[in-house]
Structures are given as structure tokens and as C-alpha cells.
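What follows is the content of run30.pdb, which has PDB, C-alpha atoms:
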```pdb
ATOM      1  CA  MET V1139       2.334  65.868  44.814
ATOM      2  CA  LYS V1140       3.684  66.197  41.285
ATOM      3  CA  LEU V1141       3.254  63.929  38.282
ATOM      4  CA  ILE V1142       5.986  61.318  38.305
ATOM      5  CA  ASN V1143       9.299  62.258  36.758
ATOM      6  CA  VAL V1144      10.828  58.887  35.861
ATOM      7  CA  ALA V1145      14.453  60.024  35.938
ATOM      8  CA  GLU V1146      14.096  61.604  39.368
ATOM      9  CA  VAL V1147      12.295  58.603  40.812
ATOM     10  CA  GLN V1148      14.930  56.239  39.402
ATOM     11  CA  LYS V1149      17.665  58.392  40.918
ATOM     12  CA  MET V1150      15.933  58.166  44.289
ATOM     13  CA  ILE V1151      15.492  54.392  44.022
ATOM     14  CA  ASP V1152      19.221  54.026  43.329
ATOM     15  CA  HIS V1153      19.977  56.333  46.256
ATOM     16  CA  LEU V1154      18.000  54.081  48.619
ATOM     17  CA  LYS V1155      19.262  50.638  47.608
ATOM     18  CA  ASP V1156      21.348  48.320  49.813
ATOM     19  CA  GLN V1157      20.190  49.729  53.149
ATOM     20  CA  GLU V1158      17.473  49.109  55.730
ATOM     21  CA  LEU V1159      14.347  51.081  54.880
ATOM     22  CA  TYR V1160      10.898  51.535  56.308
ATOM     23  CA  ILE V1161       8.199  50.801  53.762
ATOM     24  CA  HIS V1162       4.579  51.912  53.540
ATOM     25  CA  LEU V1163       2.760  49.954  50.845
ATOM     26  CA  GLU V1164      -0.949  50.294  50.317
ATOM     27  CA  MET V1165      -3.786  49.650  47.947
ATOM     28  CA  THR V1166      -7.431  50.544  48.502
ATOM     29  CA  THR V1167     -10.764  50.815  46.746
ATOM     30  CA  GLY V1168     -12.066  52.974  49.589
ATOM     31  CA  ALA V1169     -14.240  52.008  52.527
ATOM     32  CA  TYR V1170     -17.384  53.276  50.775
ATOM     33  CA  ALA V1171     -16.975  51.301  47.529
ATOM     34  CA  ALA V1172     -19.730  48.771  48.219
ATOM     35  CA  HIS V1173     -21.957  51.327  49.951
ATOM     36  CA  LEU V1174     -21.988  53.475  46.831
ATOM     37  CA  ASP V1175     -22.202  50.581  44.343
ATOM     38  CA  SER V1176     -23.150  47.109  45.567
ATOM     39  CA  SER V1177     -21.477  45.475  42.556
ATOM     40  CA  LYS V1178     -18.100  46.715  43.822
ATOM     41  CA  HIS V1179     -15.907  44.546  45.972
ATOM     42  CA  PRO V1180     -14.363  46.699  48.697
ATOM     43  CA  ALA V1181     -10.727  45.868  49.366
ATOM     44  CA  ALA V1182      -7.908  47.643  51.092
ATOM     45  CA  THR V1183      -4.588  46.565  52.407
ATOM     46  CA  PHE V1184      -1.611  48.339  53.852
ATOM     47  CA  ILE V1185       1.606  47.563  55.608
ATOM     48  CA  SER V1186       3.231  50.436  57.430
ATOM     49  CA  ASN V1187       6.810  50.725  58.688
ATOM     50  CA  ALA V1188       7.910  47.183  57.912
ATOM     51  CA  VAL V1189      11.684  47.032  57.363
ATOM     52  CA  ILE V1190      13.006  45.947  53.989
ATOM     53  CA  GLN V1191      16.207  46.128  51.987
ATOM     54  CA  PHE V1192      16.514  45.854  48.216
ATOM     55  CA  SER V1193      19.524  45.308  45.994
ATOM     56  CA  GLN V1194      17.996  46.301  42.688
ATOM     57  CA  GLY V1195      15.040  48.497  41.821
ATOM     58  CA  SER V1196      13.502  50.381  38.941
ATOM     59  CA  ILE V1197      10.497  52.304  37.702
ATOM     60  CA  SER V1198       8.951  51.298  34.392
ATOM     61  CA  GLY V1199       6.032  51.950  32.070
ATOM     62  CA  ASN V1200       4.665  55.046  30.361
ATOM     63  CA  GLY V1201       2.362  56.149  33.131
ATOM     64  CA  PRO V1202       0.718  55.124  35.301
ATOM     65  CA  TYR V1203       4.027  53.566  36.331
ATOM     66  CA  ARG V1204       5.212  50.330  37.899
ATOM     67  CA  VAL V1205       7.965  49.916  40.464
ATOM     68  CA  GLY V1206       9.749  46.667  41.312
ATOM     69  CA  LEU V1207      12.278  46.264  44.106
ATOM     70  CA  LYS V1208      14.283  43.051  44.338
ATOM     71  CA  MET V1209      15.004  41.865  47.865
ATOM     72  CA  LYS V1210      17.145  38.991  49.078
ATOM     73  CA  HIS V1211      14.150  36.677  49.447
ATOM     74  CA  GLY V1212      11.421  38.319  47.385
ATOM     75  CA  TRP V1213       9.991  41.357  45.672
ATOM     76  CA  VAL V1214       8.116  44.554  46.296
ATOM     77  CA  TYR V1215       5.819  45.364  43.371
ATOM     78  CA  SER V1216       3.470  48.254  42.813
ATOM     79  CA  GLU V1217       1.450  49.273  39.748
ATOM     80  CA  GLY V1218      -0.627  52.355  39.023
ATOM     81  CA  LEU V1219       1.699  55.028  40.406
ATOM     82  CA  THR V1220       1.090  58.541  39.085
ATOM     83  CA  HIS V1221       2.471  61.083  41.574
ATOM     84  CA  PHE V1222       5.544  61.667  43.728
ATOM     85  CA  GLU V1223       6.859  64.239  46.195
ATOM     86  CA  GLU V1224       9.607  66.088  44.364
ATOM     87  CA  ASP V1225      10.938  67.964  47.386
ATOM     88  CA  GLU V1226      11.852  64.850  49.359
ATOM     89  CA  LYS V1227      15.587  64.223  49.433
ATOM     90  CA  ASP V1228      15.951  61.084  51.537
ATOM     91  CA  ARG V1229      12.510  59.553  51.196
ATOM     92  CA  LEU V1230      10.625  58.288  48.186
ATOM     93  CA  ILE V1231       6.912  59.131  48.416
ATOM     94  CA  MET V1232       4.795  57.824  45.534
ATOM     95  CA  ALA V1233       1.081  57.347  45.010
ATOM     96  CA  GLY V1234      -1.389  56.492  42.291
ATOM     97  CA  HIS V1235      -4.470  58.677  42.034
ATOM     98  CA  ASP V1236      -7.546  57.841  39.970
ATOM     99  CA  GLY V1237      -9.404  60.243  37.663
ATOM    100  CA  GLN V1238     -11.195  61.806  40.640
ATOM    101  CA  GLY V1239      -7.934  62.410  42.485
ATOM    102  CA  LYS V1240      -8.547  59.621  44.987
ATOM    103  CA  LEU V1241      -5.596  57.586  46.200
ATOM    104  CA  VAL V1242      -5.647  54.001  44.931
ATOM    105  CA  VAL V1243      -2.104  52.874  45.621
ATOM    106  CA  ALA V1244       0.860  54.161  47.608
ATOM    107  CA  LEU V1245       4.502  53.151  47.868
ATOM    108  CA  GLN V1246       6.785  54.974  50.267
ATOM    109  CA  LEU V1247      10.356  54.275  51.367
ATOM    110  CA  SER V1248      12.265  56.031  54.117
ATOM    111  CA  ARG V1249      15.294  55.626  56.385
ATOM    112  CA  GLU V1250      13.108  56.816  59.271
ATOM    113  CA  PRO V1251       9.729  55.389  60.244
ATOM    114  CA  PHE V1252       6.676  57.109  58.785
TER     115      PHE V1252
ATOM    116  CA  MET N  61     -31.493  73.118  76.193
ATOM    117  CA  GLU N  62     -28.524  70.752  76.375
ATOM    118  CA  ARG N  63     -25.924  71.653  78.991
ATOM    119  CA  HIS N  64     -22.952  69.884  77.429
ATOM    120  CA  ILE N  65     -22.773  67.761  74.276
ATOM    121  CA  LEU N  66     -19.952  65.249  73.838
ATOM    122  CA  VAL N  67     -19.437  64.291  70.180
ATOM    123  CA  ILE N  68     -17.403  61.114  69.616
ATOM    124  CA  LEU N  69     -16.459  60.344  66.009
ATOM    125  CA  PRO N  70     -13.454  58.672  64.388
ATOM    126  CA  HIS N  71     -12.530  60.971  61.478
ATOM    127  CA  PRO N  72     -12.047  64.677  60.857
ATOM    128  CA  ASP N  73     -15.040  65.544  58.571
ATOM    129  CA  ASP N  74     -17.431  63.004  60.143
ATOM    130  CA  GLU N  75     -19.073  66.008  61.795
ATOM    131  CA  ALA N  76     -19.548  68.025  58.614
ATOM    132  CA  PHE N  77     -22.583  66.649  56.746
ATOM    133  CA  GLY N  78     -24.655  65.005  59.460
ATOM    134  CA  ILE N  79     -24.075  66.914  62.669
ATOM    135  CA  SER N  80     -22.544  70.376  62.150
ATOM    136  CA  GLY N  81     -25.869  72.222  61.802
ATOM    137  CA  THR N  82     -27.230  70.625  64.955
ATOM    138  CA  LEU N  83     -24.083  71.547  66.884
ATOM    139  CA  ALA N  84     -24.126  75.135  65.590
ATOM    140  CA  LYS N  85     -27.759  75.443  66.668
ATOM    141  CA  HIS N  86     -27.066  74.119  70.171
ATOM    142  CA  ILE N  87     -23.980  76.313  70.533
ATOM    143  CA  HIS N  88     -26.045  79.342  69.476
ATOM    144  CA  ASN N  89     -28.382  78.465  72.343
ATOM    145  CA  GLY N  90     -25.519  78.395  74.841
ATOM    146  CA  THR N  91     -24.521  74.720  74.901
ATOM    147  CA  GLN N  92     -20.923  73.665  75.526
ATOM    148  CA  VAL N  93     -19.644  71.173  72.928
ATOM    149  CA  THR N  94     -16.654  68.858  73.210
ATOM    150  CA  TYR N  95     -15.674  66.961  70.077
ATOM    151  CA  ALA N  96     -13.505  63.901  70.645
ATOM    152  CA  CYS N  97     -12.064  62.829  67.302
ATOM    153  CA  LEU N  98     -10.367  59.450  67.481
ATOM    154  CA  THR N  99      -8.061  59.610  64.436
ATOM    155  CA  LEU N 100      -6.644  62.126  61.981
ATOM    156  CA  GLY N 101      -8.177  60.305  59.011
ATOM    157  CA  GLU N 102      -4.646  59.615  57.868
ATOM    158  CA  MET N 103      -5.722  56.761  55.555
ATOM    159  CA  GLY N 104      -8.237  58.866  53.629
ATOM    160  CA  ARG N 105      -8.211  58.478  49.845
ATOM    161  CA  ASN N 106      -9.032  62.048  49.001
ATOM    162  CA  MET N 107      -5.944  64.219  48.630
ATOM    163  CA  GLY N 108      -7.525  67.257  47.006
ATOM    164  CA  ILE N 109      -8.106  67.884  43.312
ATOM    165  CA  PRO N 110      -5.439  68.099  42.007
ATOM    166  CA  PRO N 111      -3.805  66.195  44.884
ATOM    167  CA  PHE N 112      -2.061  68.627  47.258
ATOM    168  CA  ALA N 113      -1.680  66.142  50.102
ATOM    169  CA  SER N 114       0.247  62.880  50.369
ATOM    170  CA  ARG N 115       0.111  59.994  52.807
ATOM    171  CA  VAL N 116       2.897  61.753  54.685
ATOM    172  CA  THR N 117       1.353  65.220  54.877
ATOM    173  CA  LEU N 118      -2.313  64.216  55.144
ATOM    174  CA  PRO N 119      -2.521  63.840  58.972
ATOM    175  CA  GLU N 120      -1.287  67.390  59.647
ATOM    176  CA  ILE N 121      -3.426  68.837  56.842
ATOM    177  CA  ARG N 122      -6.538  67.086  58.138
ATOM    178  CA  LYS N 123      -5.822  68.199  61.689
ATOM    179  CA  LYS N 124      -5.785  71.827  60.532
ATOM    180  CA  GLU N 125      -8.953  71.283  58.489
ATOM    181  CA  LEU N 126     -10.661  69.843  61.554
ATOM    182  CA  GLU N 127      -9.637  72.813  63.683
ATOM    183  CA  GLU N 128     -11.031  75.163  61.022
ATOM    184  CA  SER N 129     -14.281  73.201  60.869
ATOM    185  CA  CYS N 130     -14.618  73.407  64.658
ATOM    186  CA  ARG N 131     -14.105  77.175  64.547
ATOM    187  CA  ALA N 132     -16.768  77.453  61.823
ATOM    188  CA  ILE N 133     -19.275  75.522  63.926
ATOM    189  CA  GLY N 134     -18.285  77.268  67.159
ATOM    190  CA  ILE N 135     -17.111  74.103  68.962
ATOM    191  CA  GLN N 136     -15.317  75.233  72.119
ATOM    192  CA  ASP N 137     -13.338  72.080  72.936
ATOM    193  CA  LEU N 138     -11.647  69.693  70.494
ATOM    194  CA  ARG N 139      -9.883  66.566  71.762
ATOM    195  CA  LEU N 140      -7.681  64.476  69.490
ATOM    196  CA  LEU N 141      -7.453  60.968  70.892
ATOM    197  CA  GLY N 142      -4.531  59.803  68.751
ATOM    198  CA  PHE N 143      -5.809  56.538  67.334
ATOM    199  CA  HIS N 144      -4.866  55.437  63.806
ATOM    200  CA  ASP N 145      -7.386  55.586  60.969
ATOM    201  CA  LYS N 146      -8.918  52.214  59.953
ATOM    202  CA  THR N 147      -7.762  50.440  63.126
ATOM    203  CA  ILE N 148     -10.460  51.230  65.696
ATOM    204  CA  GLU N 149     -12.092  47.806  65.398
ATOM    205  CA  PHE N 150      -8.713  46.177  66.092
ATOM    206  CA  GLU N 151      -7.778  48.312  69.096
ATOM    207  CA  ASP N 152      -7.725  46.967  72.619
ATOM    208  CA  GLN N 153     -11.374  47.456  73.646
ATOM    209  CA  ASP N 154     -10.581  48.099  77.291
ATOM    210  CA  GLN N 155      -8.156  50.866  76.396
ATOM    211  CA  LEU N 156     -10.588  52.406  73.919
ATOM    212  CA  ASP N 157     -13.486  52.235  76.356
ATOM    213  CA  SER N 158     -11.428  53.641  79.233
ATOM    214  CA  GLN N 159     -10.558  56.755  77.194
ATOM    215  CA  ILE N 160     -14.232  57.309  76.396
ATOM    216  CA  GLU N 161     -15.204  56.644  80.007
ATOM    217  CA  ALA N 162     -12.642  59.197  81.209
ATOM    218  CA  LEU N 163     -14.165  61.834  78.918
ATOM    219  CA  VAL N 164     -17.704  61.075  80.070
ATOM    220  CA  LYS N 165     -16.625  61.250  83.724
ATOM    221  CA  GLU N 166     -14.712  64.488  83.224
ATOM    222  CA  LEU N 167     -17.384  66.298  81.217
ATOM    223  CA  ASN N 168     -20.611  64.768  82.534
ATOM    224  CA  PRO N 169     -22.384  65.498  79.222
ATOM    225  CA  SER N 170     -26.156  65.758  79.010
ATOM    226  CA  LEU N 171     -26.022  64.339  75.471
ATOM    227  CA  VAL N 172     -23.545  62.184  73.552
ATOM    228  CA  ILE N 173     -23.563  62.059  69.731
ATOM    229  CA  THR N 174     -21.885  59.213  67.848
ATOM    230  CA  PHE N 175     -22.460  56.705  65.042
ATOM    231  CA  TYR N 176     -25.081  53.973  65.306
ATOM    232  CA  PRO N 177     -23.052  50.728  65.553
ATOM    233  CA  ASP N 178     -23.663  48.346  62.631
ATOM    234  CA  TYR N 179     -25.520  50.954  60.553
ATOM    235  CA  SER N 180     -22.793  53.441  59.768
ATOM    236  CA  VAL N 181     -20.936  51.855  56.813
ATOM    237  CA  HIS N 182     -17.285  52.543  57.695
ATOM    238  CA  PRO N 183     -15.723  50.013  60.111
ATOM    239  CA  ASP N 184     -14.269  52.884  62.181
ATOM    240  CA  HIS N 185     -17.750  54.438  62.479
ATOM    241  CA  ASP N 186     -19.279  51.185  63.682
ATOM    242  CA  ALA N 187     -16.425  50.460  66.088
ATOM    243  CA  THR N 188     -16.525  53.980  67.553
ATOM    244  CA  GLY N 189     -20.286  53.823  68.051
ATOM    245  CA  ALA N 190     -19.969  50.378  69.620
ATOM    246  CA  ALA N 191     -17.323  51.606  72.076
ATOM    247  CA  VAL N 192     -19.523  54.537  73.120
ATOM    248  CA  ILE N 193     -22.565  52.282  73.565
ATOM    249  CA  ARG N 194     -20.550  49.736  75.607
ATOM    250  CA  THR N 195     -19.121  52.453  77.826
ATOM    251  CA  ILE N 196     -22.358  54.290  78.493
ATOM    252  CA  GLY N 197     -24.262  51.017  78.774
ATOM    253  CA  ARG N 198     -22.078  50.111  81.772
ATOM    254  CA  MET N 199     -23.140  53.270  83.639
ATOM    255  CA  PRO N 200     -26.033  53.071  86.105
ATOM    256  CA  LYS N 201     -29.270  53.748  84.207
ATOM    257  CA  ASP N 202     -30.108  56.913  86.099
ATOM    258  CA  GLN N 203     -26.708  58.454  85.334
ATOM    259  CA  ARG N 204     -26.550  57.776  81.598
ATOM    260  CA  PRO N 205     -26.627  60.724  79.208
ATOM    261  CA  PHE N 206     -28.877  60.379  76.178
ATOM    262  CA  VAL N 207     -27.057  59.026  73.134
ATOM    263  CA  HIS N 208     -28.081  60.299  69.701
ATOM    264  CA  CYS N 209     -26.736  58.197  66.824
ATOM    265  CA  VAL N 210     -26.196  58.952  63.150
ATOM    266  CA  ALA N 211     -26.954  56.069  60.754
ATOM    267  CA  PHE N 212     -26.691  55.902  56.984
ATOM    268  CA  SER N 213     -26.096  52.328  55.824
ATOM    269  CA  ASN N 214     -28.314  51.074  53.007
ATOM    270  CA  ASN N 215     -31.756  49.985  54.273
ATOM    271  CA  HIS N 216     -30.943  50.945  57.881
ATOM    272  CA  GLU N 217     -34.531  52.033  58.563
ATOM    273  CA  GLN N 218     -35.620  48.449  57.980
ATOM    274  CA  PHE N 219     -33.763  47.516  61.169
ATOM    275  CA  ILE N 220     -33.808  50.597  63.403
ATOM    276  CA  GLY N 221     -36.921  52.354  62.164
ATOM    277  CA  LYS N 222     -37.309  56.031  61.363
ATOM    278  CA  PRO N 223     -35.108  58.665  63.007
ATOM    279  CA  VAL N 224     -36.779  60.168  66.059
ATOM    280  CA  VAL N 225     -34.772  63.373  66.439
ATOM    281  CA  ILE N 226     -35.172  65.518  63.351
ATOM    282  CA  ASN N 227     -33.393  68.849  63.590
ATOM    283  CA  ASP N 228     -34.223  71.745  61.304
ATOM    284  CA  VAL N 229     -30.850  73.446  60.748
ATOM    285  CA  LYS N 230     -31.799  75.739  57.847
ATOM    286  CA  ASP N 231     -30.808  78.785  59.902
ATOM    287  CA  TYR N 232     -27.324  77.309  60.391
ATOM    288  CA  LEU N 233     -26.443  76.405  56.797
ATOM    289  CA  GLN N 234     -23.653  78.987  56.723
ATOM    290  CA  GLN N 235     -21.859  77.265  59.602
ATOM    291  CA  LYS N 236     -22.548  73.884  58.019
ATOM    292  CA  MET N 237     -21.202  74.851  54.598
ATOM    293  CA  ASP N 238     -18.174  76.468  56.270
ATOM    294  CA  SER N 239     -17.558  73.209  58.137
ATOM    295  CA  ILE N 240     -17.778  71.215  54.899
ATOM    296  CA  SER N 241     -15.574  73.752  53.080
ATOM    297  CA  ALA N 242     -12.935  73.540  55.819
ATOM    298  CA  HIS N 243     -12.249  69.934  54.812
ATOM    299  CA  ARG N 244     -10.860  70.997  51.453
ATOM    300  CA  SER N 245      -8.683  67.904  50.986
ATOM    301  CA  GLN N 246     -11.819  65.757  51.303
ATOM    302  CA  PHE N 247     -14.698  67.664  49.712
ATOM    303  CA  GLN N 248     -15.119  69.997  46.784
ATOM    304  CA  ALA N 249     -17.584  72.233  48.584
ATOM    305  CA  ALA N 250     -17.963  74.613  45.666
ATOM    306  CA  GLU N 251     -19.301  71.782  43.518
ATOM    307  CA  LEU N 252     -21.917  70.895  46.138
ATOM    308  CA  LEU N 253     -23.364  74.363  45.981
ATOM    309  CA  GLY N 254     -22.792  75.015  42.276
ATOM    310  CA  SER N 255     -24.214  78.412  41.459
ATOM    311  CA  LYS N 256     -26.884  78.066  44.146
ATOM    312  CA  LYS N 257     -27.160  80.180  47.267
ATOM    313  CA  LEU N 258     -27.796  78.855  50.780
ATOM    314  CA  ASN N 259     -31.399  80.085  50.670
ATOM    315  CA  ASP N 260     -32.062  78.095  47.496
ATOM    316  CA  LYS N 261     -34.877  75.623  48.090
ATOM    317  CA  GLU N 262     -32.907  72.641  46.784
ATOM    318  CA  ILE N 263     -29.918  73.383  49.033
ATOM    319  CA  GLN N 264     -32.187  73.916  52.033
ATOM    320  CA  GLU N 265     -33.895  70.585  51.435
ATOM    321  CA  ARG N 266     -30.657  68.725  50.856
ATOM    322  CA  PHE N 267     -28.682  70.086  53.805
ATOM    323  CA  GLY N 268     -31.281  71.696  56.070
ATOM    324  CA  THR N 269     -32.315  68.669  58.127
ATOM    325  CA  GLU N 270     -30.214  66.397  60.349
ATOM    326  CA  ARG N 271     -31.514  63.092  61.649
ATOM    327  CA  PHE N 272     -30.659  61.061  64.732
ATOM    328  CA  TRP N 273     -31.764  57.887  66.476
ATOM    329  CA  ILE N 274     -31.910  57.734  70.271
ATOM    330  CA  TYR N 275     -29.952  54.612  71.181
ATOM    331  CA  PRO N 276     -32.295  52.135  72.861
ATOM    332  CA  PHE N 277     -30.289  50.854  75.827
ATOM    333  CA  ALA N 278     -31.696  47.662  77.294
TER     334      ALA N 278
END
```
Give the structure from the file, written as C-alpha cells.
Amino acid sequence: MKLINVAEVQKMIDHLKDQELYIHLEMTTGAYAAHLDSSKHPAATFISNAVIQFSQGSISGNGPYRVGLKMKHGWVYSEGLTHFEEDEKDRLIMAGHDGQGKLVVALQLSREPF
Amino acid sequence: MERHILVILPHPDDEAFGISGTLAKHIHNGTQVTYACLTLGEMGRNMGIPPFASRVTLPEIRKKELEESCRAIGIQDLRLLGFHDKTIEFEDQDQLDSQIEALVKELNPSLVITFYPDYSVHPDHDATGAAVIRTIGRMPKDQRPFVHCVAFSNNHEQFIGKPVVINDVKDYLQQKMDSISAHRSQFQAAELLGSKKLNDKEIQERFGTERFWIYPFA
């Protein structure tokens, strides 16, 4: 994973618009959050390989970054993204890692299921 | 001496801190070990520092790390059961139990090692332990292998008492540290050791003992 390059990510978002895509969207505090610190509220959620289509999408912010994808009946929104896979040509693989390198958020789009 | 140990855990690296020394010791004494790992830990949060894995590459990376850990410990037989990380508690129980039952029937282990259900923090740990206990609990009493459980939830001793099997694994710390080091996307093994050597008293005390509860079947 490389630190996000906004221009490259935007190019990829444009490349993927107006077509059926598989999405993996996730956010997590980690399963051990409350075990390690009882004041923490453990939460995690993911949806994997749901099919979406968006007509307009962009990346914004100064890092960590936000991405919004406008669909016919709603939105995909993700905040806290820091890294992406630069070698992927037809998939957009993004994640947000905290100061310890742990994944907090992930947003992935692909024409094939993950 | 144990004839055959069947280890049933949900994630690559679940073996590293709590069990690897015990397994290395048994293997040194001639025991056969089969490790059935339910998932590839594909939802893990640790991606290396700096992150070298992604959600897409993590399953294959963790599979290789697990294979390296097994080689370090000396485990002769690794089975990957193909379940998805974080979903064990939502799986069809009959299907889950039947896979565990098939392993127990095939291998006829003298000892099974798993997590203590309800006292093992991660939902996958608890659900895996519960499936093992259900499956072995259905066997006739005189045919059941012993089940040794790992537990580490906060205040677990309040409910299940003190561990009864306490294994001194100080002579197997090299295998144990090699197992931990194999999971390089998950642990920074070098930081655990710091500048200390394996024969350092602090390291020996911290890693040199592994604790288990014998599951009390009704």
C-alpha cells in the first residue's frame, strides 16, 4: 500500500463510474478494543461484494481523505482514507490506517467480486 | 505422552503466543500434531508497519505466514477449513460441527486444544471453542479426547478458576519466537524482544509458561 495520490485515485474513480461494481466497505475499531480498554466501544461493520453503480464520484480533503460516490438512489461515503494500491489497473483498493498501522476503514471497488 | 494432538483455532497466529511452545514440546517428544485453522484471518486490522498488505492481499499473506509458523513449531499437518474471518458465530452450526466431527473421527486425537467458549474475547474464538465443545460433548464419554482450552478474557479466573495444565516451555522459546515472528503482518516480534535474548529472565517469565483449562464436560 502507498500513501494516497489524489490525482491517481480520482482518475481511477472516473474510470469506474457508470458501471456495475462490487464494493467492499468496512470500518472497525478492532475486536480487542474493549478488552484492552474498557472505556472503548468496540464496533465493526463491513459489506462485501454488494453490487453498486455510481454516476459521479470524487476524492477530497488534505489527508486523511474522504471519498463520496453518488448513486441513483443514495451515496457511498468514506472518511479517513490514507493508503491505496498503486499497481491496480481495474480495481480501486483504498484503506485508512491509524498511527500504529492498523486498518480502520476500507473502501474497495472492482468489476469482479473480491 | 500424547499420541496425536488436534488444534482447532479460527485465525492464523492464534497458535503463536498461547500454544506454540506446548506444541513444540510435544512434537519434540514424538507427538503428531494437526492444526485445523478455520479462517485466513482476512479481516485482521494489522497490515504490517508500514502497511505492506491490503484487504485484497492479506489472506494469501497470512496463509504463508501460518505455514511458516507451522514449520517453526514442527507441526506436521495443517488443515485450512476455508471459513471467513469474523463469521464463525453466524455459520450454520451443523455444517461447522460436522467438519470438526469429521476431523476428530479421521484423526482420533488423544488431546484437542481450542479456545474456552465465553472466555476468549474474540467472537470467532468463542464460537470455535463452542463448536468443538458441542461436537466432542456429543461423543460417548469413554471415547472423548481430553480438551484443553485457552482463556484470556478479563476476570476469567473468577468464573473458571485457575488453569490446571501449566506447561513450562522455556526450552522451546526459539520455536515460539519463530512462530510469533512468522506472523510479520500481525506482530512486530523484534519489539517484543527488544535487545533481550531468549535466556533473559524477563523474557523467560513472560513467554516461558503456557496455561490451559481442562474443559469440564457434564
Open item on the list: Ranking N:Asp228, N:Asp184, N:Asp73, N:Asp137 by minimum distance to chain V and counting all atoms listed in the file, which one comes first?
Closed with: N:Asp184
Open item on the list: Residues of chain V within 12 Å of chain N, counting only C-alpha atoms, what are they? List them as a PyMOL selection string.
Closed with: chain V and resi 1139-1141+1162-1176+1180+1182-1186+1220-1224+1226+1229-1248+1251-1252
For the residues in that selection, give me C-alpha atoms as an mmCIF file, in the coordinates of the input.
```
data_model
loop_
_atom_site.group_PDB
_atom_site.id
_atom_site.type_symbol
_atom_site.label_atom_id
_atom_site.label_comp_id
_atom_site.auth_asym_id
_atom_site.auth_seq_id
_atom_site.Cartn_x
_atom_site.Cartn_y
_atom_site.Cartn_z
ATOM 1 C CA MET V 1139 2.334 65.868 44.814
ATOM 2 C CA LYS V 1140 3.684 66.197 41.285
ATOM 3 C CA LEU V 1141 3.254 63.929 38.282
ATOM 4 C CA HIS V 1162 4.579 51.912 53.540
ATOM 5 C CA LEU V 1163 2.760 49.954 50.845
ATOM 6 C CA GLU V 1164 -0.949 50.294 50.317
ATOM 7 C CA MET V 1165 -3.786 49.650 47.947
ATOM 8 C CA THR V 1166 -7.431 50.544 48.502
ATOM 9 C CA THR V 1167 -10.764 50.815 46.746
ATOM 10 C CA GLY V 1168 -12.066 52.974 49.589
ATOM 11 C CA ALA V 1169 -14.240 52.008 52.527
ATOM 12 C CA TYR V 1170 -17.384 53.276 50.775
ATOM 13 C CA ALA V 1171 -16.975 51.301 47.529
ATOM 14 C CA ALA V 1172 -19.730 48.771 48.219
ATOM 15 C CA HIS V 1173 -21.957 51.327 49.951
ATOM 16 C CA LEU V 1174 -21.988 53.475 46.831
ATOM 17 C CA ASP V 1175 -22.202 50.581 44.343
ATOM 18 C CA SER V 1176 -23.150 47.109 45.567
ATOM 19 C CA PRO V 1180 -14.363 46.699 48.697
ATOM 20 C CA ALA V 1182 -7.908 47.643 51.092
ATOM 21 C CA THR V 1183 -4.588 46.565 52.407
ATOM 22 C CA PHE V 1184 -1.611 48.339 53.852
ATOM 23 C CA ILE V 1185 1.606 47.563 55.608
ATOM 24 C CA SER V 1186 3.231 50.436 57.430
ATOM 25 C CA THR V 1220 1.090 58.541 39.085
ATOM 26 C CA HIS V 1221 2.471 61.083 41.574
ATOM 27 C CA PHE V 1222 5.544 61.667 43.728
ATOM 28 C CA GLU V 1223 6.859 64.239 46.195
ATOM 29 C CA GLU V 1224 9.607 66.088 44.364
ATOM 30 C CA GLU V 1226 11.852 64.850 49.359
ATOM 31 C CA ARG V 1229 12.510 59.553 51.196
ATOM 32 C CA LEU V 1230 10.625 58.288 48.186
ATOM 33 C CA ILE V 1231 6.912 59.131 48.416
ATOM 34 C CA MET V 1232 4.795 57.824 45.534
ATOM 35 C CA ALA V 1233 1.081 57.347 45.010
ATOM 36 C CA GLY V 1234 -1.389 56.492 42.291
ATOM 37 C CA HIS V 1235 -4.470 58.677 42.034
ATOM 38 C CA ASP V 1236 -7.546 57.841 39.970
ATOM 39 C CA GLY V 1237 -9.404 60.243 37.663
ATOM 40 C CA GLN V 1238 -11.195 61.806 40.640
ATOM 41 C CA GLY V 1239 -7.934 62.410 42.485
ATOM 42 C CA LYS V 1240 -8.547 59.621 44.987
ATOM 43 C CA LEU V 1241 -5.596 57.586 46.200
ATOM 44 C CA VAL V 1242 -5.647 54.001 44.931
ATOM 45 C CA VAL V 1243 -2.104 52.874 45.621
ATOM 46 C CA ALA V 1244 0.860 54.161 47.608
ATOM 47 C CA LEU V 1245 4.502 53.151 47.868
ATOM 48 C CA GLN V 1246 6.785 54.974 50.267
ATOM 49 C CA LEU V 1247 10.356 54.275 51.367
ATOM 50 C CA SER V 1248 12.265 56.031 54.117
ATOM 51 C CA PRO V 1251 9.729 55.389 60.244
ATOM 52 C CA PHE V 1252 6.676 57.109 58.785
#
```
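Nearest residue to Leu1159 of chain V, choosing from V:Val1147, V:Val1189, V:Ile1142, V:Val1214 and counting all atoms listed in the file: V:Val1189.
Between atom CA of Arg122 of chain N and atom CA of Gly81 of chain N lies a distance of 20.3 Å.
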- [ ] Show me as a ChimeraX atom specification the residues that reach within 7 Å of (-18.0, 74.5, 71.1), counting all atoms listed in the file and using the file's own coordinates.
- [x] /N:87,92-94,134-137
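Pairwise distance (atom CA of Lys1210 of chain V, atom CA of His1153 of chain V) equals 17.8 Å.
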- [ ] Using the chain letters and residue numbers of this document, give as a PyMOL selection string the residues selected by the PyMOL selection byres ((chain N and resi 223) around 10).
- [x] chain N and resi 208-211+217+220-222+224-226+270-274
TODO: Starting from the displayed file, determine the output of the PyMOL selection byres ((chain N and resi 96) around 7) and express the residue list as number ranges by chain.
DONE: N: 67-69, 94-95, 97-98, 138-141
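In this structure, atom CA of Tyr275 of chain N sits 11.3 Å away from atom CA of Leu171 of chain N.
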TODO: Using only C-alpha atoms, collect all residues at a distance of at most 6 Å from (-28.6, 57.9, 76.4) as written in the file, then present them as a list in words.
DONE: Arg204, Pro205, Phe206 and Val207 of chain N
TODO: Convert the output of the PyMOL selection byres ((chain V and resi 1208) around 9) on the shown file into explicit residues, formatted as a count of residues only.
DONE: 14
